[in-house]
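*Asks:* Dropping in final-v2.txt, which is compact mmCIF, C-alpha atoms:
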```
# COMPACT_ATOMS: atom_id res chain seq x y z
CA ALA A 1 16.52 5.37 -19.82
CA PHE A 2 18.88 7.87 -21.42
CA THR A 3 21.29 10.09 -19.53
CA ALA A 4 20.88 13.87 -19.69
CA GLU A 5 24.11 14.06 -21.70
CA LEU A 6 22.81 11.68 -24.37
CA LYS A 7 19.43 13.45 -24.47
CA LEU A 8 21.20 16.77 -25.13
CA LYS A 9 23.24 15.16 -27.89
CA ILE A 10 20.07 13.78 -29.51
CA ILE A 11 18.42 17.22 -29.16
CA SER A 12 21.33 18.91 -30.97
CA VAL A 13 21.10 16.34 -33.79
CA ALA A 14 17.32 16.85 -33.95
CA GLU A 15 17.82 20.62 -34.22
CA GLU A 16 20.20 20.11 -37.16
CA ILE A 17 18.11 17.59 -39.10
CA SER A 18 14.64 16.81 -37.67
CA ASN A 19 13.00 15.06 -34.73
CA ARG A 20 11.96 12.11 -36.88
CA ALA A 21 15.39 11.63 -38.46
CA ALA A 22 17.12 11.90 -35.08
CA GLY A 23 14.63 9.37 -33.70
CA ARG A 24 15.48 6.91 -36.47
CA LYS A 25 19.21 7.48 -35.99
CA TYR A 26 19.16 6.85 -32.21
CA ASP A 27 16.17 4.48 -32.18
CA VAL A 28 14.12 6.86 -30.03
CA ASP A 29 10.46 7.76 -30.31
CA GLU A 30 9.83 11.14 -31.95
CA ALA A 31 7.50 12.12 -29.08
CA CYS A 32 10.37 11.62 -26.60
CA ILE A 33 12.57 13.96 -28.60
CA ARG A 34 9.83 16.62 -28.68
CA GLU A 35 9.47 16.30 -24.88
CA TRP A 36 13.24 16.55 -24.36
CA ARG A 37 13.39 19.66 -26.54
CA ARG A 38 10.73 21.28 -24.35
CA LYS A 39 12.84 20.42 -21.27
CA LYS A 40 16.17 21.42 -22.80
CA THR A 41 17.07 24.05 -20.16
CA THR A 42 16.27 21.60 -17.35
CA LEU A 43 18.49 18.99 -19.00
CA GLN A 44 21.32 21.51 -19.42
CA ASN A 45 21.19 22.40 -15.72
CA ALA A 46 20.96 18.78 -14.57
CA ASN A 47 23.73 16.35 -13.71
CA ARG A 48 25.05 14.81 -16.96
CA ASN A 49 24.42 11.26 -15.70
CA ARG A 50 20.87 11.91 -14.51
CA ARG A 51 18.33 9.67 -16.20
CA SER A 52 14.89 10.75 -15.00
CA PHE A 53 13.10 13.71 -13.48
CA CYS A 54 10.53 12.01 -11.29
CA GLY A 55 9.31 13.53 -8.04
CA PRO A 56 10.88 13.25 -4.61
CA LYS A 57 11.17 9.86 -2.94
CA THR A 58 9.96 11.43 0.28
CA GLY A 59 6.65 13.19 0.61
CA ALA A 60 6.21 16.95 0.66
CA HIS A 61 5.32 16.86 4.37
CA PRO A 62 7.65 14.36 6.12
CA GLU A 63 6.49 15.18 9.69
CA LEU A 64 2.87 14.52 8.69
CA GLU A 65 3.80 11.26 6.99
CA ALA A 66 5.82 10.12 10.01
CA GLY A 67 2.84 10.77 12.29
CA LEU A 68 0.45 8.96 9.95
CA ALA A 69 2.81 5.98 9.63
CA GLU A 70 2.98 5.78 13.42
CA PHE A 71 -0.83 5.95 13.65
CA ILE A 72 -1.28 3.13 11.12
CA GLN A 73 1.40 0.96 12.75
CA GLU A 74 -0.08 1.38 16.24
CA ARG A 75 -3.56 0.45 15.03
CA ARG A 76 -2.28 -2.60 13.17
CA ASP A 77 -0.17 -3.71 16.14
CA ARG A 78 -3.35 -3.75 18.21
CA GLY A 79 -5.02 -5.90 15.54
CA HIS A 80 -7.35 -3.18 14.24
CA ALA A 81 -8.00 -2.67 10.55
CA VAL A 82 -7.12 0.72 9.10
CA SER A 83 -9.34 1.77 6.21
CA THR A 84 -8.29 4.20 3.51
CA GLU A 85 -10.89 6.71 4.68
CA MET A 86 -9.75 6.44 8.31
CA ALA A 87 -6.13 7.09 7.33
CA GLN A 88 -7.15 10.03 5.12
CA MET A 89 -9.11 11.60 7.97
CA GLU A 90 -6.12 11.17 10.30
CA ALA A 91 -3.85 12.72 7.65
CA LEU A 92 -6.15 15.76 7.40
CA ARG A 93 -6.18 16.05 11.21
CA LEU A 94 -2.37 15.91 11.29
CA ALA A 95 -2.22 18.53 8.52
CA ARG A 96 -4.27 20.90 10.70
CA VAL A 97 -2.01 20.15 13.68
CA HIS A 98 1.12 20.93 11.62
CA GLY A 99 -0.45 24.08 10.16
CA ILE A 100 -0.52 22.87 6.55
CA PRO A 101 -3.18 24.83 4.62
CA PHE A 102 -6.00 22.90 2.96
CA ASP A 103 -5.05 24.19 -0.49
CA GLN A 104 -1.58 22.60 -0.14
CA PHE A 105 -2.66 19.19 1.16
CA ARG A 106 -5.88 17.30 0.44
CA ALA A 107 -5.10 13.69 1.48
CA SER A 108 -6.48 12.31 -1.80
CA ARG A 109 -6.67 8.60 -2.57
CA GLY A 110 -3.76 8.96 -4.99
CA TRP A 111 -1.62 10.64 -2.34
CA PHE A 112 -2.58 7.95 0.16
CA HIS A 113 -1.62 5.07 -2.18
CA ARG A 114 1.74 6.73 -2.93
CA PHE A 115 2.27 7.28 0.82
CA MET A 116 1.58 3.58 1.49
CA LYS A 117 4.04 2.60 -1.22
CA ARG A 118 6.72 5.01 0.08
CA ARG A 119 6.37 3.67 3.63
CA GLY A 120 6.22 0.00 2.60
CA PHE A 121 2.69 -0.57 3.91
CA SER A 122 0.34 -2.90 2.13
CA ILE A 123 -3.24 -1.88 1.59
CA ARG A 124 -5.23 -4.70 3.03
CA ARG A 125 -8.62 -5.43 4.40
CA ARG A 126 -7.93 -7.47 7.55
CA THR A 127 -5.11 -7.64 10.07
CA THR A 128 -6.04 -10.97 11.74
CA LEU A 129 -6.41 -14.45 10.32
CA CYS A 130 -9.54 -15.46 12.16
CA GLN A 131 -12.45 -14.08 14.09
CA ARG A 132 -11.99 -13.20 17.73
CA LEU A 133 -12.95 -15.85 20.23
CA PHE A 134 -15.52 -14.85 22.78
CA ASP A 135 -14.65 -14.71 26.50
CA ALA A 136 -16.21 -18.03 27.56
CA TYR A 137 -14.62 -19.95 24.67
CA GLU A 138 -12.71 -22.53 26.76
CA GLU A 139 -15.67 -23.18 29.03
CA LYS A 140 -17.94 -23.68 26.01
CA LEU A 141 -15.43 -26.02 24.38
CA LEU A 142 -15.14 -28.20 27.50
CA SER A 143 -18.93 -28.27 27.79
CA PHE A 144 -19.24 -29.48 24.19
CA GLN A 145 -16.56 -32.15 24.72
CA ARG A 146 -18.39 -33.45 27.81
CA TYR A 147 -21.63 -33.50 25.81
CA VAL A 148 -20.03 -35.63 23.04
CA ILE A 149 -18.40 -37.99 25.58
CA ASN A 150 -21.74 -38.51 27.37
CA LEU A 151 -23.48 -39.25 24.06
CA ARG A 152 -20.77 -41.79 23.19
CA LYS A 153 -21.13 -43.56 26.54
CA ARG A 154 -24.93 -43.49 26.49
CA HIS A 155 -25.22 -44.97 22.97
CA ASP A 156 -22.03 -47.11 23.01
CA TYR A 157 -20.46 -45.37 20.01
CA LEU A 158 -16.98 -46.53 19.02
CA TYR A 159 -14.30 -43.89 18.49
CA SER A 160 -14.20 -44.93 14.84
CA GLN A 161 -17.85 -43.90 14.51
CA ILE A 162 -17.15 -40.32 15.57
CA GLY A 163 -15.76 -37.90 13.04
CA ASN A 164 -15.41 -34.26 12.25
CA ALA A 165 -17.41 -33.06 9.24
CA ASP A 166 -15.24 -30.01 8.54
CA GLN A 167 -12.53 -27.81 9.99
CA THR A 168 -14.60 -24.65 10.33
CA PRO A 169 -15.04 -23.57 13.96
CA MET A 170 -18.72 -23.43 14.83
CA TYR A 171 -19.94 -21.94 18.05
CA PHE A 172 -23.29 -22.99 19.41
CA GLU A 173 -25.29 -20.37 21.29
CA MET A 174 -22.75 -17.73 20.36
CA PRO A 175 -23.72 -14.29 21.65
```
Before we go any further, please render this structure as structure tokens.

*Replies:*
Amino acid sequence: AFTAELKLKIISVAEEISNRAAGRKYDVDEACIREWRRKKTTLQNANRNRRSFCGPKTGAHPELEAGLAEFIQERRDRGHAVSTEMAQMEALRLARVHGIPFDQFRASRGWFHRFMKRRGFSIRRRTTLCQRLFDAYEEKLLSFQRYVINLRKRHDYLYSQIGNADQTPMYFEMP
């Protein structure tokens, strides 16, 4: 990453000799020098120590992005998944609320991924680690434990003869 001052110096050398020769002298790609020459006026008006001319670190519509970030956070706090499409639809709704014309804001996938990166959100599928337990879970668990205890007593099984085949929760007669 070269500063604007160094880029202008390389441009002046390239104008005197050639892009290729200046590239060899400063160990810079010739295509970079051609690009810098096209942007010469921008470089002259920029801060001398500036290195790049990338876009803003905040979005073009900060109030919309704040509302969308709040929407996503609320949904995730409640344990609900937020799909890309759902967030895009909410962004379009917020754009209408804020009076942003459709030709200025489209809520594309690219915009959405950059928004997620700007806000520090991860794009993920699920927000919980396991499936939700049904309402009568504890009652069903106690019923199953009683059933196993009765079988053990009826057939005189030793505790060493009872084992768990796996660690996956399995619900019998699950609705």

*Asks:* Out of A:Arg34, A:Asp27, A:Thr3, A:Ser108, which residue has the shortest atom-to-atom distance to Phe53 of chain A when counting all atoms listed in the file?

*Replies:*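 Of the candidates, the smallest distance to Phe53 of chain A is held by A:Thr3.
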
*Asks:* For Met116 of chain A, which residue among A:Ser160, A:Thr58, A:Thr42, A:Ser18 is the nearest when counting all atoms listed in the file?

*Replies:* A:Thr58

*Asks:* Please write as a VMD selection string the list of polymer residues whose atoms come within 10 Å of (-3.9, 16.5, 7.7), counting all atoms listed in the file and keeping to the coordinates of the file.

*Replies:* chain A and resid 61 64 to 65 67 to 68 87 to 102 105 to 107

*Asks:* Got a sec: who's within 10 Å of Phe121 of chain A, counting all atoms listed in the file, leaving out chain neighbours fewer than 4 positions off, as a PyMOL selection string?

*Replies:* chain A and resi 69+72-73+113+115-117

*Asks:* With C-alpha atoms retained, export the selected residues as a short mmCIF file (atom, residue, chain, number, x, y, z; two decimals), keeping the file's coordinate frame.

*Replies:*
```cif
data_model
loop_
_atom_site.label_atom_id
_atom_site.label_comp_id
_atom_site.auth_asym_id
_atom_site.auth_seq_id
_atom_site.Cartn_x
_atom_site.Cartn_y
_atom_site.Cartn_z
CA ALA A 69 2.81 5.98 9.63
CA ILE A 72 -1.28 3.13 11.12
CA GLN A 73 1.40 0.96 12.75
CA HIS A 113 -1.62 5.07 -2.18
CA PHE A 115 2.27 7.28 0.82
CA MET A 116 1.58 3.58 1.49
CA LYS A 117 4.04 2.60 -1.22
#
```

*Asks:* Taking (19.2, 9.3, -18.0) in the file's coordinates as the center, which residues reach within 7 Å of it, counting all atoms listed in the file, put as a ChimeraX atom specification?

*Replies:* /A:1-4,49-52

*Asks:* Expressed in Å to a single decimal, how great is the separation between atom CA of Glu16 of chain A and atom CA of Asn45 of chain A?

*Replies:* 21.6 Å
